[in-house]
>>> print(open('work-v5.cif').read())   # mmCIF, C-alpha atoms
data_structure
loop_
_atom_site.group_PDB
_atom_site.id
_atom_site.type_symbol
_atom_site.label_atom_id
_atom_site.label_comp_id
_atom_site.auth_asym_id
_atom_site.auth_seq_id
_atom_site.Cartn_x
_atom_site.Cartn_y
_atom_site.Cartn_z
ATOM 1 C CA MET A 1 59.853 -16.589 -71.040
ATOM 2 C CA SER A 2 59.857 -17.673 -74.683
ATOM 3 C CA ILE A 3 57.746 -20.502 -76.031
ATOM 4 C CA LEU A 4 60.888 -22.628 -76.356
ATOM 5 C CA ASP A 5 61.774 -22.021 -72.706
ATOM 6 C CA GLU A 6 58.236 -22.903 -71.623
ATOM 7 C CA TRP A 7 58.309 -26.074 -73.701
ATOM 8 C CA ALA A 8 61.654 -27.144 -72.227
ATOM 9 C CA GLU A 9 60.574 -26.350 -68.663
ATOM 10 C CA ARG A 10 57.356 -28.336 -69.088
ATOM 11 C CA HIS A 11 59.229 -31.409 -70.372
ATOM 12 C CA ILE A 12 61.852 -31.171 -67.640
ATOM 13 C CA GLU A 13 59.136 -30.910 -64.987
ATOM 14 C CA LYS A 14 57.333 -33.966 -66.411
ATOM 15 C CA ALA A 15 60.575 -35.962 -66.446
ATOM 16 C CA LEU A 16 61.287 -34.941 -62.846
ATOM 17 C CA GLN A 17 57.805 -36.019 -61.758
ATOM 18 C CA LYS A 18 58.225 -39.388 -63.470
ATOM 19 C CA GLY A 19 61.646 -39.847 -61.849
ATOM 20 C CA GLU A 20 63.401 -40.072 -65.198
ATOM 21 C CA LEU A 21 66.118 -37.653 -64.123
ATOM 22 C CA SER A 22 67.035 -39.289 -60.828
ATOM 23 C CA SER A 23 70.099 -41.493 -60.376
ATOM 24 C CA LEU A 24 71.861 -40.019 -63.375
ATOM 25 C CA LYS A 25 75.636 -39.961 -63.526
ATOM 26 C CA GLY A 26 76.865 -36.721 -61.966
ATOM 27 C CA GLU A 27 73.603 -36.009 -60.130
ATOM 28 C CA GLY A 28 74.078 -33.381 -57.456
ATOM 29 C CA LYS A 29 77.409 -32.249 -58.884
ATOM 30 C CA PRO A 30 77.904 -28.845 -60.524
ATOM 31 C CA LEU A 31 77.899 -28.713 -64.308
ATOM 32 C CA ILE A 32 81.170 -28.014 -66.075
ATOM 33 C CA LEU A 33 80.023 -25.299 -68.449
ATOM 34 C CA ASP A 34 83.505 -24.263 -69.579
ATOM 35 C CA ASP A 35 84.553 -27.570 -71.123
ATOM 36 C CA ASN A 36 87.643 -26.987 -73.195
ATOM 37 C CA SER A 37 88.657 -30.605 -73.619
ATOM 38 C CA HIS A 38 88.567 -30.173 -77.408
ATOM 39 C CA VAL A 39 91.220 -27.421 -77.212
ATOM 40 C CA PRO A 40 94.850 -28.578 -77.263
ATOM 41 C CA GLU A 41 96.391 -28.309 -73.805
ATOM 42 C CA SER A 42 99.060 -25.890 -75.042
ATOM 43 C CA LEU A 43 96.355 -23.411 -76.153
ATOM 44 C CA ARG A 44 93.938 -23.619 -73.214
ATOM 45 C CA ALA A 45 95.464 -20.804 -71.159
ATOM 46 C CA SER A 46 95.489 -18.406 -74.117
ATOM 47 C CA TYR A 47 91.918 -19.341 -75.114
ATOM 48 C CA HIS A 48 90.790 -18.762 -71.530
ATOM 49 C CA LEU A 49 92.535 -15.372 -71.472
ATOM 50 C CA LEU A 50 90.947 -14.297 -74.767
ATOM 51 C CA LYS A 51 87.521 -15.444 -73.608
ATOM 52 C CA ASN A 52 87.789 -13.491 -70.356
ATOM 53 C CA ALA A 53 88.882 -10.406 -72.310
ATOM 54 C CA GLY A 54 85.673 -10.594 -74.380
ATOM 55 C CA PHE A 55 87.398 -11.534 -77.631
ATOM 56 C CA LEU A 56 85.269 -13.231 -80.255
ATOM 57 C CA PRO A 57 86.606 -15.143 -83.256
ATOM 58 C CA PRO A 58 86.014 -13.221 -86.526
ATOM 59 C CA GLU A 59 83.160 -15.535 -87.568
ATOM 60 C CA MET A 60 81.325 -15.002 -84.292
ATOM 61 C CA GLN A 61 81.871 -11.232 -84.479
ATOM 62 C CA ASP A 62 80.401 -11.269 -88.004
ATOM 63 C CA ARG A 63 77.472 -13.365 -86.756
ATOM 64 C CA LYS A 64 76.829 -10.904 -83.952
ATOM 65 C CA GLU A 65 76.931 -7.951 -86.363
ATOM 66 C CA ALA A 66 74.629 -9.749 -88.824
ATOM 67 C CA LEU A 67 72.074 -10.364 -86.086
ATOM 68 C CA SER A 68 72.178 -6.691 -85.104
ATOM 69 C CA LEU A 69 71.756 -5.596 -88.721
ATOM 70 C CA ALA A 70 68.843 -7.994 -89.259
ATOM 71 C CA GLU A 71 67.137 -6.596 -86.162
ATOM 72 C CA ILE A 72 67.695 -2.994 -87.297
ATOM 73 C CA LEU A 73 66.437 -3.769 -90.802
ATOM 74 C CA SER A 74 63.258 -5.300 -89.425
ATOM 75 C CA THR A 75 62.358 -1.935 -87.885
ATOM 76 C CA LEU A 76 63.344 0.367 -90.795
ATOM 77 C CA ASN A 77 61.201 1.587 -93.643
ATOM 78 C CA GLU A 78 61.998 -0.603 -96.675
ATOM 79 C CA THR A 79 62.386 2.372 -99.034
ATOM 80 C CA GLY A 80 64.875 4.365 -96.965
ATOM 81 C CA ILE A 81 68.396 5.099 -98.224
ATOM 82 C CA GLU A 82 70.032 3.593 -95.147
ATOM 83 C CA ASN A 83 68.055 0.408 -95.715
ATOM 84 C CA GLY A 84 69.865 -0.300 -98.995
ATOM 85 C CA SER A 85 73.342 0.096 -97.520
ATOM 86 C CA LEU A 86 72.426 -2.011 -94.496
ATOM 87 C CA GLN A 87 70.972 -4.711 -96.766
ATOM 88 C CA LYS A 88 74.235 -4.793 -98.734
ATOM 89 C CA ARG A 89 76.295 -5.027 -95.538
ATOM 90 C CA LEU A 90 74.070 -7.846 -94.276
ATOM 91 C CA ALA A 91 74.378 -9.715 -97.590
ATOM 92 C CA LEU A 92 78.167 -9.407 -97.410
ATOM 93 C CA LEU A 93 78.233 -10.688 -93.821
ATOM 94 C CA GLU A 94 75.954 -13.575 -94.755
ATOM 95 C CA LEU A 95 78.280 -14.525 -97.605
ATOM 96 C CA LYS A 96 81.325 -14.368 -95.308
ATOM 97 C CA LEU A 97 79.573 -16.592 -92.763
ATOM 98 C CA GLN A 98 78.597 -19.106 -95.430
ATOM 99 C CA GLN A 99 82.171 -19.192 -96.729
ATOM 100 C CA ALA A 100 83.339 -19.871 -93.171
ATOM 101 C CA GLY A 101 81.006 -22.887 -93.143
ATOM 102 C CA LEU A 102 78.391 -21.412 -90.799
ATOM 103 C CA ASP A 103 74.664 -21.759 -91.328
ATOM 104 C CA THR A 104 72.955 -18.400 -91.899
ATOM 105 C CA GLN A 105 69.369 -19.566 -91.577
ATOM 106 C CA PHE A 106 69.144 -17.665 -88.274
ATOM 107 C CA LEU A 107 69.114 -14.394 -90.260
ATOM 108 C CA HIS A 108 65.831 -15.132 -91.948
ATOM 109 C CA ALA A 109 62.635 -14.387 -90.047
ATOM 110 C CA ASP A 110 60.923 -17.285 -91.820
ATOM 111 C CA TYR A 111 63.009 -19.686 -89.774
ATOM 112 C CA ALA A 112 61.878 -18.163 -86.482
ATOM 113 C CA THR A 113 58.251 -18.216 -87.618
ATOM 114 C CA GLN A 114 58.484 -21.851 -88.698
ATOM 115 C CA LEU A 115 60.115 -22.840 -85.410
ATOM 116 C CA THR A 116 57.473 -21.044 -83.367
ATOM 117 C CA GLU A 117 54.684 -22.684 -85.366
ATOM 118 C CA LYS A 118 56.260 -26.126 -85.040
ATOM 119 C CA LEU A 119 56.630 -25.740 -81.274
ATOM 120 C CA ALA A 120 53.057 -24.478 -80.943
ATOM 121 C CA ASN A 121 51.777 -27.476 -82.943
ATOM 122 C CA HIS A 122 53.850 -29.840 -80.823
ATOM 123 C CA LYS A 123 52.410 -28.256 -77.672
ATOM 124 C CA LYS A 124 48.874 -28.758 -78.982
ATOM 125 C CA GLU A 125 49.606 -32.400 -79.808
ATOM 126 C CA THR A 126 51.096 -33.145 -76.375
ATOM 127 C CA ASP A 127 48.249 -31.330 -74.630
ATOM 128 C CA GLN A 128 45.710 -33.420 -76.591
ATOM 129 C CA LYS A 129 47.483 -36.649 -75.580
ATOM 130 C CA GLU A 130 47.288 -35.744 -71.894
#
>>> encode(input="work-v5.cif", output="structure tokens")
Amino acid sequence: MSILDEWAERHIEKALQKGELSSLKGEGKPLILDDNSHVPESLRASYHLLKNAGFLPPEMQDRKEALSLAEILSTLNETGIENGSLQKRLALLELKLQQAGLDTQFLHADYATQLTEKLANHKKETDQKE
């Protein structure tokens, strides 16, 4: 379990113990995880069909490829020939994602490090308060 999962579980457990999550609207009912209320009614059936077929919009396919490339690059030797071509492909994908209006911060390891540090500091602060 990741540090984020542990943090979320701990806060949920505390809220449950305090009774903060009881008597909420919809309590005891299943969650509707496939909410497509933002999709026009005339397109819902086709969106559902595409989703079940495993189709991803081009931006999400590019995001998925960029994540794979970033992971591969993190394991390669920085001076290798394949590294240069993969770096160029990743830069192109990042540019395409930015032009599509998507945030590309997820591609940079610094972001993950900063998030982990922030969560660890928050955990220390909450543990000290208890």
>>> closest_atom_pairs(input="work-v5.cif", of="region 35-125 of chain A", to="region 6-29 of chain A", cutoff="12 Å", atoms="only C-alpha atoms", output="CSV")
residue,atom,partner,partner_atom,distance
A:Thr116,CA,A:Trp7,CA,10.9
A:Lys118,CA,A:Trp7,CA,11.5
A:Leu119,CA,A:Trp7,CA,7.8
A:Ala120,CA,A:Trp7,CA,9.1
A:Asn121,CA,A:Trp7,CA,11.4
A:His122,CA,A:Trp7,CA,9.2
A:Lys123,CA,A:Trp7,CA,7.4
A:Lys124,CA,A:Trp7,CA,11.1
>>> axis_aligned_box(input="work-v5.cif", around="region 16-27 of chain A", padding_each_side="3 Å", output="lines of an AutoDock Vina configuration file")
center_x = 67.3
center_y = -38.2
center_z = -62.7
size_x = 25.1
size_y = 12.6
size_z = 11.1
>>> residues_around(input="work-v5.cif", residues="Leu86 (chain A)", least_positions_apart="6", cutoff="12 Å", atoms="only C-alpha atoms", output="list in words")
Glu65, Ala66, Leu67, Ser68, Leu69, Ala70, Glu71, Ile72, Leu73, Ser74, Leu76, Asn77, Glu78, Thr79, Gly80, Leu92 and Leu93 of chain A
>>> atom_distance(input="work-v5.cif", atom1="CA of Ala45 (chain A)", atom2="CA of Asp103 (chain A)")
29.0 Å
>>> atom_distance(input="work-v5.cif", atom1="CA of Met60 (chain A)", atom2="CA of Leu97 (chain A)")
8.8 Å
>>> decode(input="work-v5.cif", residues="chain A", atoms="C-alpha atoms", output="CSV table (one decimal), in the first residue's frame")
chain,number,residue,atom,x,y,z
A,1,MET,CA,0.0,0.0,0.0
A,2,SER,CA,1.4,3.4,-0.9
A,3,ILE,CA,1.9,6.2,1.5
A,4,LEU,CA,-1.1,8.0,0.0
A,5,ASP,CA,-3.3,5.0,0.4
A,6,GLU,CA,-2.2,4.6,4.1
A,7,TRP,CA,-2.8,8.3,4.7
A,8,ALA,CA,-6.3,8.1,3.2
A,9,GLU,CA,-7.2,4.9,5.1
A,10,ARG,CA,-6.0,6.4,8.4
A,11,HIS,CA,-8.2,9.5,7.9
A,12,ILE,CA,-11.2,7.5,6.8
A,13,GLU,CA,-10.8,5.2,9.9
A,14,LYS,CA,-10.6,8.3,12.2
A,15,ALA,CA,-13.7,9.8,10.6
A,16,LEU,CA,-15.6,6.5,11.0
A,17,GLN,CA,-14.6,6.3,14.7
A,18,LYS,CA,-15.8,9.9,15.3
A,19,GLY,CA,-19.1,9.1,13.5
A,20,GLU,CA,-18.5,11.8,10.9
A,21,LEU,CA,-19.4,9.5,8.0
A,22,SER,CA,-22.7,8.2,9.4
A,23,SER,CA,-26.1,9.5,8.3
A,24,LEU,CA,-24.7,10.7,5.0
A,25,LYS,CA,-27.0,11.0,2.0
A,26,GLY,CA,-26.8,7.7,0.1
A,27,GLU,CA,-25.4,5.7,3.0
A,28,GLY,CA,-25.7,2.0,2.5
A,29,LYS,CA,-26.3,2.4,-1.2
A,30,PRO,CA,-23.9,1.3,-3.9
A,31,LEU,CA,-21.7,4.0,-5.5
A,32,ILE,CA,-22.4,5.0,-9.1
A,33,LEU,CA,-18.9,4.8,-10.5
A,34,ASP,CA,-19.9,5.1,-14.1
A,35,ASP,CA,-21.5,8.5,-14.0
A,36,ASN,CA,-22.0,9.7,-17.5
A,37,SER,CA,-24.4,12.5,-16.7
A,38,HIS,CA,-22.0,15.0,-18.4
A,39,VAL,CA,-22.3,13.1,-21.7
A,40,PRO,CA,-25.2,14.1,-24.0
A,41,GLU,CA,-27.9,11.4,-23.9
A,42,SER,CA,-27.5,10.8,-27.7
A,43,LEU,CA,-23.8,9.8,-27.2
A,44,ARG,CA,-24.1,7.7,-24.0
A,45,ALA,CA,-24.6,4.4,-25.7
A,46,SER,CA,-21.6,4.9,-28.1
A,47,TYR,CA,-19.4,6.1,-25.3
A,48,HIS,CA,-20.3,3.1,-23.2
A,49,LEU,CA,-19.6,0.8,-26.2
A,50,LEU,CA,-16.2,2.4,-26.8
A,51,LYS,CA,-15.3,2.2,-23.1
A,52,ASN,CA,-16.1,-1.5,-23.0
A,53,ALA,CA,-14.1,-2.1,-26.1
A,54,GLY,CA,-11.0,-0.6,-24.3
A,55,PHE,CA,-10.8,2.5,-26.5
A,56,LEU,CA,-9.0,5.5,-25.1
A,57,PRO,CA,-9.3,9.0,-26.4
A,58,PRO,CA,-6.0,10.1,-28.2
A,59,GLU,CA,-5.0,12.3,-25.3
A,60,MET,CA,-5.3,9.5,-22.8
A,61,GLN,CA,-3.5,7.1,-25.1
A,62,ASP,CA,-0.6,9.6,-25.4
A,63,ARG,CA,-0.6,10.0,-21.6
A,64,LYS,CA,-0.4,6.3,-21.2
A,65,GLU,CA,2.5,6.1,-23.6
A,66,ALA,CA,4.3,9.0,-22.0
A,67,LEU,CA,4.0,7.3,-18.6
A,68,SER,CA,5.5,4.1,-20.0
A,69,LEU,CA,8.3,6.0,-21.7
A,70,ALA,CA,9.1,7.9,-18.5
A,71,GLU,CA,9.3,4.6,-16.6
A,72,ILE,CA,11.5,3.0,-19.2
A,73,LEU,CA,13.8,6.1,-19.3
A,74,SER,CA,14.2,6.0,-15.5
A,75,THR,CA,15.8,2.5,-15.8
A,76,LEU,CA,18.0,3.1,-18.8
A,77,ASN,CA,21.6,4.3,-18.9
A,78,GLU,CA,21.6,8.0,-19.7
A,79,THR,CA,24.3,7.8,-22.4
A,80,GLY,CA,22.7,5.0,-24.4
A,81,ILE,CA,21.6,5.6,-28.0
A,82,GLU,CA,18.0,4.4,-27.3
A,83,ASN,CA,17.8,6.9,-24.5
A,84,GLY,CA,18.1,9.9,-26.9
A,85,SER,CA,15.3,8.6,-29.2
A,86,LEU,CA,13.1,7.8,-26.3
A,87,GLN,CA,13.7,11.3,-24.7
A,88,LYS,CA,12.7,12.9,-28.0
A,89,ARG,CA,9.5,10.8,-28.2
A,90,LEU,CA,8.7,11.7,-24.6
A,91,ALA,CA,9.3,15.4,-25.3
A,92,LEU,CA,7.0,15.2,-28.3
A,93,LEU,CA,4.2,13.4,-26.3
A,94,GLU,CA,4.6,16.0,-23.5
A,95,LEU,CA,4.1,18.8,-26.0
A,96,LYS,CA,1.1,17.1,-27.6
A,97,LEU,CA,-0.5,16.7,-24.1
A,98,GLN,CA,0.2,20.3,-23.2
A,99,GLN,CA,-1.4,21.5,-26.5
A,100,ALA,CA,-4.4,19.4,-25.6
A,101,GLY,CA,-4.6,21.3,-22.3
A,102,LEU,CA,-3.5,18.5,-20.1
A,103,ASP,CA,-1.0,19.0,-17.2
A,104,THR,CA,2.2,17.0,-17.7
A,105,GLN,CA,3.6,17.5,-14.3
A,106,PHE,CA,3.0,13.7,-13.7
A,107,LEU,CA,5.9,13.0,-16.0
A,108,HIS,CA,8.5,14.6,-13.8
A,109,ALA,CA,9.9,12.6,-10.9
A,110,ASP,CA,10.3,15.8,-8.9
A,111,TYR,CA,6.6,16.0,-8.5
A,112,ALA,CA,6.3,12.5,-7.0
A,113,THR,CA,9.2,13.2,-4.6
A,114,GLN,CA,7.6,16.5,-3.5
A,115,LEU,CA,4.2,14.8,-3.0
A,116,THR,CA,5.8,12.0,-1.0
A,117,GLU,CA,7.7,14.4,1.2
A,118,LYS,CA,4.6,16.6,1.7
A,119,LEU,CA,2.5,13.6,2.8
A,120,ALA,CA,5.3,12.3,5.1
A,121,ASN,CA,5.5,15.8,6.7
A,122,HIS,CA,1.8,15.9,7.1
A,123,LYS,CA,1.8,12.5,8.7
A,124,LYS,CA,4.5,13.6,11.2
A,125,GLU,CA,2.4,16.8,12.1
A,126,THR,CA,-0.8,14.8,12.6
A,127,ASP,CA,1.0,12.2,14.7
A,128,GLN,CA,2.5,14.9,16.9
A,129,LYS,CA,-0.9,16.5,17.5
A,130,GLU,CA,-2.3,13.1,18.7
